[in-house]
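Text of entry-v4.pdb, listed as PDB, C-alpha atoms, pLDDT in the B column:
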```
MODEL        1
ATOM      1  CA  MET A  20    -139.113 -65.247 140.188  1.00 49.00           C
ATOM      2  CA  LYS A  21    -140.811 -61.968 141.101  1.00 48.00           C
ATOM      3  CA  LYS A  22    -141.519 -63.356 144.569  1.00 49.00           C
ATOM      4  CA  TYR A  23    -137.825 -63.980 145.165  1.00 43.00           C
ATOM      5  CA  PHE A  24    -136.868 -60.569 143.829  1.00 38.00           C
ATOM      6  CA  GLY A  25    -139.242 -58.961 146.334  1.00 40.00           C
ATOM      7  CA  LEU A  26    -137.707 -60.925 149.209  1.00 36.00           C
ATOM      8  CA  PHE A  27    -134.218 -60.089 147.995  1.00 36.00           C
ATOM      9  CA  PHE A  28    -135.126 -56.410 147.804  1.00 36.00           C
ATOM     10  CA  ILE A  29    -136.565 -56.403 151.337  1.00 38.00           C
ATOM     11  CA  PHE A  30    -133.527 -58.173 152.799  1.00 38.00           C
ATOM     12  CA  SER A  31    -131.156 -55.848 150.923  1.00 38.00           C
ATOM     13  CA  LEU A  32    -132.992 -52.816 152.236  1.00 35.00           C
ATOM     14  CA  MET A  33    -132.944 -54.165 155.798  1.00 39.00           C
ATOM     15  CA  PHE A  34    -129.227 -54.889 155.532  1.00 38.00           C
ATOM     16  CA  ALA A  35    -128.506 -51.382 154.257  1.00 37.00           C
ATOM     17  CA  VAL A  36    -130.480 -49.799 157.086  1.00 37.00           C
ATOM     18  CA  PHE A  37    -129.016 -51.916 159.870  1.00 41.00           C
ATOM     19  CA  SER A  38    -125.438 -51.889 158.605  1.00 41.00           C
ATOM     20  CA  THR A  39    -125.319 -48.091 158.674  1.00 39.00           C
ATOM     21  CA  GLN A  40    -127.315 -47.797 161.871  1.00 40.00           C
ATOM     22  CA  ALA A  41    -124.210 -48.259 163.984  1.00 49.00           C
ATOM     23  CA  PHE A  42    -122.967 -44.766 163.202  1.00 45.00           C
ATOM     24  CA  THR A  43    -126.107 -42.881 162.241  1.00 44.00           C
ATOM     25  CA  GLU A  44    -127.901 -43.311 165.553  1.00 57.00           C
ATOM     26  CA  GLU A  45    -127.920 -40.507 168.069  1.00 70.00           C
ATOM     27  CA  ALA A  46    -124.588 -40.514 169.850  1.00 79.00           C
ATOM     28  CA  LYS A  47    -124.452 -41.750 173.414  1.00 93.00           C
ATOM     29  CA  PRO A  48    -121.711 -40.914 175.885  1.00 97.00           C
ATOM     30  CA  ALA A  49    -118.915 -43.433 176.243  1.00 98.00           C
ATOM     31  CA  PRO A  50    -118.617 -44.869 179.758  1.00 98.00           C
ATOM     32  CA  ASP A  51    -115.409 -43.568 181.319  1.00 98.00           C
ATOM     33  CA  PHE A  52    -112.802 -45.964 182.674  1.00 98.00           C
ATOM     34  CA  THR A  53    -109.225 -46.199 183.836  1.00 98.00           C
ATOM     35  CA  LEU A  54    -107.234 -49.325 182.977  1.00 98.00           C
ATOM     36  CA  PRO A  55    -103.537 -50.179 183.337  1.00 98.00           C
ATOM     37  CA  ASP A  56    -101.293 -50.975 180.408  1.00 98.00           C
ATOM     38  CA  LEU A  57     -98.725 -53.776 180.501  1.00 98.00           C
ATOM     39  CA  ASN A  58     -96.352 -51.549 182.520  1.00 97.00           C
ATOM     40  CA  ASN A  59     -99.109 -50.637 184.997  1.00 98.00           C
ATOM     41  CA  LYS A  60     -99.422 -47.108 183.565  1.00 98.00           C
ATOM     42  CA  PRO A  61    -103.061 -45.986 183.888  1.00 98.00           C
ATOM     43  CA  PHE A  62    -105.049 -44.889 180.837  1.00 98.00           C
ATOM     44  CA  THR A  63    -108.292 -42.957 181.323  1.00 98.00           C
ATOM     45  CA  LEU A  64    -110.702 -42.598 178.426  1.00 98.00           C
ATOM     46  CA  SER A  65    -111.949 -39.150 179.461  1.00 98.00           C
ATOM     47  CA  SER A  66    -108.404 -37.760 179.154  1.00 98.00           C
ATOM     48  CA  TYR A  67    -108.877 -37.900 175.353  1.00 98.00           C
ATOM     49  CA  LYS A  68    -112.153 -35.948 175.384  1.00 97.00           C
ATOM     50  CA  GLY A  69    -111.842 -32.661 173.528  1.00 96.00           C
ATOM     51  CA  LYS A  70    -108.467 -33.739 172.108  1.00 97.00           C
ATOM     52  CA  GLN A  71    -108.796 -36.770 169.860  1.00 96.00           C
ATOM     53  CA  SER A  72    -110.931 -39.737 168.889  1.00 97.00           C
ATOM     54  CA  VAL A  73    -110.258 -43.199 170.295  1.00 98.00           C
ATOM     55  CA  ILE A  74    -110.619 -46.612 168.725  1.00 98.00           C
ATOM     56  CA  MET A  75    -110.889 -49.373 171.283  1.00 98.00           C
ATOM     57  CA  LEU A  76    -110.344 -52.961 170.227  1.00 98.00           C
ATOM     58  CA  PHE A  77    -111.647 -55.451 172.795  1.00 98.00           C
ATOM     59  CA  TRP A  78    -109.861 -58.776 172.303  1.00 98.00           C
ATOM     60  CA  THR A  79    -108.526 -62.002 173.856  1.00 98.00           C
ATOM     61  CA  THR A  80    -105.517 -64.205 173.151  1.00 98.00           C
ATOM     62  CA  TRP A  81    -107.649 -67.272 172.378  1.00 97.00           C
ATOM     63  CA  CYS A  82    -109.635 -65.559 169.606  1.00 97.00           C
ATOM     64  CA  PRO A  83    -108.287 -66.269 166.080  1.00 97.00           C
ATOM     65  CA  PHE A  84    -110.179 -63.296 164.614  1.00 97.00           C
ATOM     66  CA  CYS A  85    -108.605 -61.022 167.240  1.00 97.00           C
ATOM     67  CA  ARG A  86    -105.148 -61.984 166.025  1.00 97.00           C
ATOM     68  CA  GLU A  87    -106.018 -60.786 162.547  1.00 96.00           C
ATOM     69  CA  GLU A  88    -107.627 -57.583 163.809  1.00 97.00           C
ATOM     70  CA  LEU A  89    -104.534 -56.758 165.890  1.00 97.00           C
ATOM     71  CA  LYS A  90    -102.496 -57.026 162.685  1.00 96.00           C
ATOM     72  CA  VAL A  91    -104.978 -54.904 160.702  1.00 95.00           C
ATOM     73  CA  ILE A  92    -105.089 -52.102 163.239  1.00 96.00           C
ATOM     74  CA  ASN A  93    -101.320 -52.214 163.733  1.00 97.00           C
ATOM     75  CA  ARG A  94    -100.749 -51.801 159.970  1.00 96.00           C
ATOM     76  CA  MET A  95    -103.041 -48.766 160.071  1.00 96.00           C
ATOM     77  CA  SER A  96    -101.574 -47.240 163.231  1.00 94.00           C
ATOM     78  CA  GLU A  97     -99.469 -44.607 161.436  1.00 95.00           C
ATOM     79  CA  GLU A  98    -102.444 -43.464 159.357  1.00 95.00           C
ATOM     80  CA  LEU A  99    -104.596 -43.348 162.501  1.00 96.00           C
ATOM     81  CA  LYS A 100    -102.015 -41.262 164.363  1.00 95.00           C
ATOM     82  CA  ASN A 101    -101.958 -38.820 161.450  1.00 95.00           C
ATOM     83  CA  GLU A 102    -105.749 -38.549 161.777  1.00 93.00           C
ATOM     84  CA  LYS A 103    -105.327 -37.833 165.524  1.00 94.00           C
ATOM     85  CA  VAL A 104    -106.903 -41.131 166.525  1.00 97.00           C
ATOM     86  CA  GLU A 105    -105.622 -43.091 169.521  1.00 98.00           C
ATOM     87  CA  VAL A 106    -105.883 -46.885 169.469  1.00 98.00           C
ATOM     88  CA  LEU A 107    -106.354 -48.796 172.719  1.00 98.00           C
ATOM     89  CA  ALA A 108    -106.247 -52.590 172.538  1.00 98.00           C
ATOM     90  CA  ILE A 109    -108.199 -53.800 175.580  1.00 98.00           C
ATOM     91  CA  ASN A 110    -107.613 -57.395 176.569  1.00 98.00           C
ATOM     92  CA  ILE A 111    -110.521 -58.942 178.444  1.00 98.00           C
ATOM     93  CA  GLY A 112    -110.026 -61.175 181.456  1.00 98.00           C
ATOM     94  CA  GLU A 113    -106.507 -62.492 181.002  1.00 98.00           C
ATOM     95  CA  PRO A 114    -103.419 -62.174 183.212  1.00 98.00           C
ATOM     96  CA  LEU A 115    -100.574 -59.782 182.493  1.00 98.00           C
ATOM     97  CA  ALA A 116     -97.977 -62.522 181.866  1.00 98.00           C
ATOM     98  CA  LYS A 117    -100.118 -64.293 179.278  1.00 98.00           C
ATOM     99  CA  VAL A 118    -100.982 -61.083 177.402  1.00 98.00           C
ATOM    100  CA  SER A 119     -97.382 -59.811 177.460  1.00 98.00           C
ATOM    101  CA  LYS A 120     -96.030 -63.049 176.039  1.00 98.00           C
ATOM    102  CA  PHE A 121     -98.773 -63.241 173.422  1.00 98.00           C
ATOM    103  CA  ILE A 122     -98.239 -59.760 171.960  1.00 97.00           C
ATOM    104  CA  GLU A 123     -94.419 -59.864 171.774  1.00 97.00           C
ATOM    105  CA  PRO A 124     -94.253 -60.951 168.113  1.00 96.00           C
ATOM    106  CA  TYR A 125     -96.849 -58.369 167.045  1.00 96.00           C
ATOM    107  CA  ASN A 126     -94.666 -55.306 167.764  1.00 95.00           C
ATOM    108  CA  LEU A 127     -97.767 -53.252 168.488  1.00 96.00           C
ATOM    109  CA  THR A 128     -97.406 -49.489 168.254  1.00 95.00           C
ATOM    110  CA  PHE A 129    -100.336 -48.657 170.544  1.00 97.00           C
ATOM    111  CA  PRO A 130    -101.168 -49.303 174.205  1.00 98.00           C
ATOM    112  CA  VAL A 131    -102.437 -52.683 175.321  1.00 98.00           C
ATOM    113  CA  LEU A 132    -104.688 -52.343 178.352  1.00 98.00           C
ATOM    114  CA  LEU A 133    -105.831 -55.009 180.785  1.00 98.00           C
ATOM    115  CA  ASP A 134    -109.500 -55.350 181.698  1.00 98.00           C
ATOM    116  CA  GLN A 135    -108.881 -58.349 183.912  1.00 98.00           C
ATOM    117  CA  ALA A 136    -112.260 -58.260 185.656  1.00 98.00           C
ATOM    118  CA  GLY A 137    -114.091 -57.565 182.391  1.00 98.00           C
ATOM    119  CA  SER A 138    -115.909 -54.599 183.916  1.00 98.00           C
ATOM    120  CA  VAL A 139    -115.095 -52.196 181.079  1.00 98.00           C
ATOM    121  CA  ALA A 140    -116.173 -54.739 178.464  1.00 98.00           C
ATOM    122  CA  ARG A 141    -119.460 -55.198 180.347  1.00 98.00           C
ATOM    123  CA  SER A 142    -120.012 -51.440 180.585  1.00 98.00           C
ATOM    124  CA  TYR A 143    -119.787 -51.284 176.775  1.00 98.00           C
ATOM    125  CA  GLY A 144    -122.000 -54.316 176.274  1.00 97.00           C
ATOM    126  CA  VAL A 145    -119.249 -56.288 174.570  1.00 97.00           C
ATOM    127  CA  PHE A 146    -120.799 -59.622 173.730  1.00 94.00           C
ATOM    128  CA  GLY A 147    -118.094 -61.183 171.572  1.00 96.00           C
ATOM    129  CA  VAL A 148    -114.562 -60.539 170.431  1.00 98.00           C
ATOM    130  CA  PRO A 149    -113.138 -58.837 168.560  1.00 98.00           C
ATOM    131  CA  THR A 150    -115.268 -55.759 169.166  1.00 98.00           C
ATOM    132  CA  TYR A 151    -114.354 -52.271 168.025  1.00 98.00           C
ATOM    133  CA  VAL A 152    -115.749 -49.201 169.732  1.00 98.00           C
ATOM    134  CA  ILE A 153    -115.082 -45.828 168.132  1.00 97.00           C
ATOM    135  CA  VAL A 154    -115.416 -42.807 170.414  1.00 97.00           C
ATOM    136  CA  ASN A 155    -115.195 -39.356 168.857  1.00 96.00           C
ATOM    137  CA  ASP A 156    -113.334 -36.428 170.407  1.00 95.00           C
ATOM    138  CA  LYS A 157    -116.560 -35.293 172.072  1.00 96.00           C
ATOM    139  CA  GLY A 158    -116.652 -38.517 174.104  1.00 97.00           C
ATOM    140  CA  SER A 159    -119.564 -40.074 172.207  1.00 97.00           C
ATOM    141  CA  ILE A 160    -119.752 -43.644 170.936  1.00 97.00           C
ATOM    142  CA  ARG A 161    -119.991 -43.499 167.158  1.00 96.00           C
ATOM    143  CA  LEU A 162    -119.655 -47.182 166.285  1.00 96.00           C
ATOM    144  CA  GLN A 163    -119.585 -50.574 167.949  1.00 96.00           C
ATOM    145  CA  GLU A 164    -118.904 -53.473 165.582  1.00 96.00           C
ATOM    146  CA  ASN A 165    -116.961 -56.725 165.263  1.00 95.00           C
ATOM    147  CA  TYR A 166    -114.839 -55.458 162.375  1.00 92.00           C
ATOM    148  CA  PHE A 167    -112.832 -52.337 161.643  1.00 92.00           C
ATOM    149  CA  PRO A 168    -114.559 -50.073 159.094  1.00 92.00           C
ATOM    150  CA  LYS A 169    -111.432 -49.224 157.079  1.00 88.00           C
ATOM    151  CA  ASP A 170    -113.305 -47.268 154.440  1.00 86.00           C
ATOM    152  CA  ASP A 171    -115.666 -45.401 156.770  1.00 90.00           C
ATOM    153  CA  TYR A 172    -113.745 -44.717 159.973  1.00 89.00           C
ATOM    154  CA  LYS A 173    -112.878 -41.120 159.031  1.00 88.00           C
ATOM    155  CA  LYS A 174    -116.522 -40.276 158.449  1.00 90.00           C
ATOM    156  CA  ILE A 175    -117.522 -42.047 161.683  1.00 90.00           C
ATOM    157  CA  ILE A 176    -115.086 -40.193 163.956  1.00 84.00           C
ATOM    158  CA  ARG A 177    -116.157 -36.839 162.570  1.00 82.00           C
ATOM    159  CA  ASN A 178    -119.855 -37.379 163.375  1.00 76.00           C
TER
ENDMDL
END
```

What do you get writing this file as structure tokens?
Amino acid sequence: MKKYFGLFFIFSLMFAVFSTQAFTEEAKPAPDFTLPDLNNKPFTLSSYKGKQSVIMLFWTTWCPFCREELKVINRMSEELKNEKVEVLAINIGEPLAKVSKFIEPYNLTFPVLLDQAGSVARSYGVFGVPTYVIVNDKGSIRLQENYFPKDDYKKIIRN
């Protein structure tokens, strides 16, 4: 029994260290980009620097988890705006017509951007979807995860 407790303790400690590592590491600058929205209006990440934090949600239409995350972040959009946080939903590798049709029923209150070549996703090292990247108002990446940290996002954007 003591042997299992020791293993449990070690795994719990490792989990605690690695789960908080995402936003306690030294900040690194967010790669800048310009992407079009669904109306071909360009959005440039660096235009938010010094003004407000940005939460980017990298997603695709074929991902069932992405559908849920779009709903989660949309429900929180008013709260995020009050916190001076911009949300950018970045679709990876899909055509405008498919993305436009897909998002119609969601009534999203934030910009949907198209990364059709996937170059922005690659520059952020996005390996799977959904992926959230939180960039603070200084232009530094504070978190990159596959879930939205509802309880911790305020602390993360202020670091």

Task: Residues within 12 Å of Leu54 of chain A, only C-alpha atoms, excluding chain neighbours under 5 positions, as a PyMOL selection string - done: chain A and resi 59-65+107-111+130-140

TODO: Any chance you could resolve the PyMOL selection byres ((chain A and resi 118-123) around 10) against this file and give the residues as a list of chain:residue names?
DONE: A:Leu57, A:Asn58, A:Thr79, A:Thr80, A:Trp81, A:Arg86, A:Leu89, A:Asn110, A:Ile111, A:Gly112, A:Glu113, A:Pro114, A:Leu115, A:Ala116, A:Lys117, A:Pro124, A:Tyr125, A:Asn126, A:Leu127, A:Val131, A:Leu132, A:Leu133

Open item on the list: For the provided coordinates, the residues matched by the PyMOL selection byres ((chain A and resi 155) around 10) should be stated as a PyMOL selection string.
Closed with: chain A and resi 46+48-49+67-74+104+152-154+156-162+175-178

- [ ] Do a neighbour search on Val148 of chain A at 7 Å with all atoms listed in the file, toss out local chain neighbours closer than 2 positions, and write the hits as a PyMOL selection string.
- [x] chain A and resi 77-78+85+150+165

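Put simply, atom CA of Tyr166 of chain A is 7.7 Å away from atom CA of Glu88 of chain A.
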
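In this structure, atom CA of Ile92 of chain A sits 8.2 Å away from atom CA of Val106 of chain A.
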
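Atom to atom, atom CA of Val145 of chain A and atom CA of Asp51 of chain A stand 14.9 Å apart.
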
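If all atoms listed in the file are the atoms counted, then among A:Pro50, A:Asp56, A:Lys100, A:Phe84 the closest residue to Ser142 of chain A is A:Pro50.
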